[in-house]
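Novice: Have a look at this one.
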There are 2 protein chains.
Amino acid sequence: MRTPQITLHQSNFMNTKDQIVSIANRMILEKGYNSFSYQHLSAEIGIKKASIHYHFPAKHDLGIAVIQFHHESFKNFVTEIKEKGKSPMQQLDEFFGTYKHIITQKNQICLAGILGAEFKTLPENMQEEMQSYFESRRKWLEKVLADGLYSGDFRFTGQPKDMVFIIMSTLQGILQIARTNQNPDYFFLATQKIKNLLLNG
Amino acid sequence: MRTPQITLHQSNFMNTKDQIVSIANRMILEKGYNSFSYQHLSAEIGIKKASIHYHFPAKHDLGIAVIQFHHESFKNFVTEIKEKGKSPMQQLDEFFGTYKHIITQKNQICLAGILGAEFKTLPENMQEEMQSYFESRRKWLEKVLADGLYSGDFRFTGQPKDMVFIIMSTLQGILQIARTNQNPDYFFLATQKIKNLLLNG
DNA sequence: GTCTATATATAGATAGAC
DNA sequence: GTCTATCTATATATAGAC
């Protein structure tokens, strides 16, 4: 039995299409888009390659489905957090928490980390899908930072938009480096340093 | 004519073997190790695939040569900077400066950024070569930070070793994100934030 | 919706002539 | 040291039977 992925769990209750997306998602986070194949999927799911093509005619159709799944998860996260009425700092902490499954599952890095590296080799429609997903996250975080400046939760200098890039790149980079260095603790250290930056930088 | 890479320039004066490493290097930084082939190299260099196999029998031989080239470049950088007798902060600035060619050449990210993402798909000997290269950089930067704490150049809390990971992951992440967002300015912003962290964090 | 069979392209690699 | 020719494996994808 495989470990479940994010909120999308692989189980006997899942239909074939969702199961394909779930396993493709794990493979992409482990090895990247270019290094997994319908053959690999086939072996693991237990149906033939041709059957996977029935659900996702071209590989990029599946690639896009995986990105959209992450995008949907993020939208759900945003909706949930709105209802809770948390402070900007608490929202930031919850955001950091969404990375938790990546850190605890040793072999993975974040989607942006892997597809960002492969970016120039991806089909154009996948590039656009990634940019849309990234933009969605960027905008949300920018608003949290702006709100935090206004409320006094944060006290950094410069534009929220610029700080967003620093934060997201630090998270993305640390996940990559933590993986090759087998030390997930660095993620928590990084989030601490980011907070310092937001309070003093 | 192609733009030269780092200190290794592609030119008519370069022998075939070096030329192969030079072009493979650029292709890896643009597309990654898994997404370039002897076929692509062949087309660009103007000799046949079989001839490339003469110089580098297996693809990972070439991959290792590229990593070692970066490692050698870094060793040269370290040697040069030692002779100059610079302060820790100046050394840090020079270190940031070694990323300059990546930022100005739009299509590239740093070697660790691309091979770190592909890490789990790389042959074992390439993984080891990468870890050796990374360790070399890590140790050097740790010493600079420790020296800087001692001299008073830096005033951050926590261990230099931990701070190294934060710095390297921020650089790696920002280069990736700057590429997909077409904005090299974020690199300079990131280096500024790192300095803030070293002075107040 | 899943299967077998097949098509087509490309990758990494080797043998042997020049 | 470079070439042509060839091998074997794999990838993406389609056709058509069940």
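Starting from 1 in every chain, residues are counted up; chains themselves are A, B, ... following the order of the structure tokens, and ligands are numbered from 1 as listed.
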Which residues, written as a PyMOL selection string, have at least one atom at most 9 Å from segment 2-17 of chain D, with only C-alpha atoms (C1' of nucleotides) counted and residues fewer than 5 positions away on the same chain left out?

Specialist: (chain A and resi 37-39+50+53+57-59) or (chain B and resi 47-48+50-51) or (chain C and resi 3-15+17-18)

Novice: Leaving out Ile109 of chain A and any residue of its chain fewer than 4 positions from it, which residues lie within 12 Å of it when counting only C-alpha atoms (C1' of nucleotides), given as an MDAnalysis selection string?

Specialist: (chainID A and resid 25:32 99:105 113:117 171:180 182 184 187) or (chainID B and resid 113 116:120)

Novice: Give me the residues within 10 Å of Asp93 of chain B as a ChimeraX atom specification, counting only C-alpha atoms (C1' of nucleotides) and dropping any in the same chain fewer than 6 places off.

Specialist: /B:87,191,195

Novice: Would you mind reading off the distance between atom CA of Ile167 of chain B and atom CA of Asn107 of chain A, one decimal, in Å?

Specialist: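 The value is 22.3 Å.
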
Novice: When you draw a straight line from atom CA of Glu44 of chain A to atom CA of Phe56 of chain A, how long is it in Å?

Specialist: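 Spanning atom CA of Glu44 of chain A to atom CA of Phe56 of chain A is a straight-line distance of 16.4 Å.
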
Novice: Can you tell me how far atom CA of Glu124 of chain A sits from atom CA of Ile166 of chain A, in Å to one decimal?

Specialist: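 The value is 26.0 Å.
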
Novice: Between A:Asn181, A:Met14, A:Ala190, A:Val66, single out the one closest to Arg138 of chain B, counting only C-alpha atoms.

Specialist: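 The shortest atom-to-atom distance to Arg138 of chain B comes from A:Asn181.
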
Novice: What's around Leu198 of chain B at 8 Å? Count only C-alpha atoms (C1' of nucleotides), leave out sequence neighbours fewer than 4 positions away in its own chain, and write the answer as a PyMOL selection string.

Specialist: chain B and resi 154-156+194

Novice: Take the selection from the previous step and output its residues with C-alpha atoms, as a compact mmCIF listing (two decimals), in the first residue's frame.

Specialist:
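Wrote selection_6.txt, looks like this:
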# COMPACT_ATOMS: atom_id res chain seq x y z
CA PHE B 154 27.70 39.55 10.60
CA ARG B 155 25.45 39.51 13.64
CA PHE B 156 22.95 36.72 13.07
CA ILE B 194 20.07 37.68 2.83

Novice: Output as a PyMOL selection string all residues of chain B that backbone DSSP marks as alpha helix (DSSP H).

Specialist: chain B and resi 16-31+38-45+49-55+59-84+88-97+100-104+111-117+124-151+160-180+185-200

Novice: Which residue is closest to chain D? Choose from B:Gly158, B:His40, B:Trp140, B:Lys49 and count only C-alpha atoms (C1' of nucleotides).

Specialist: B:Lys49

Novice: Just want the 12 Å neighbourhood of Ser136 of chain B, counted on only C-alpha atoms (C1' of nucleotides), with same-chain residues fewer than 4 positions away dropped. Output as a PyMOL selection string.

Specialist: chain B and resi 68+70-75+77-78+129-132+140-143

Novice: Fewer than 3 positions away in the same chain doesn't count, so skip those; otherwise give me all residues within 10 Å of DG1 of chain D, counting only C-alpha atoms (C1' of nucleotides), as an NGL selection string.

Specialist: :B and (16 or 51-52 or 54-55)
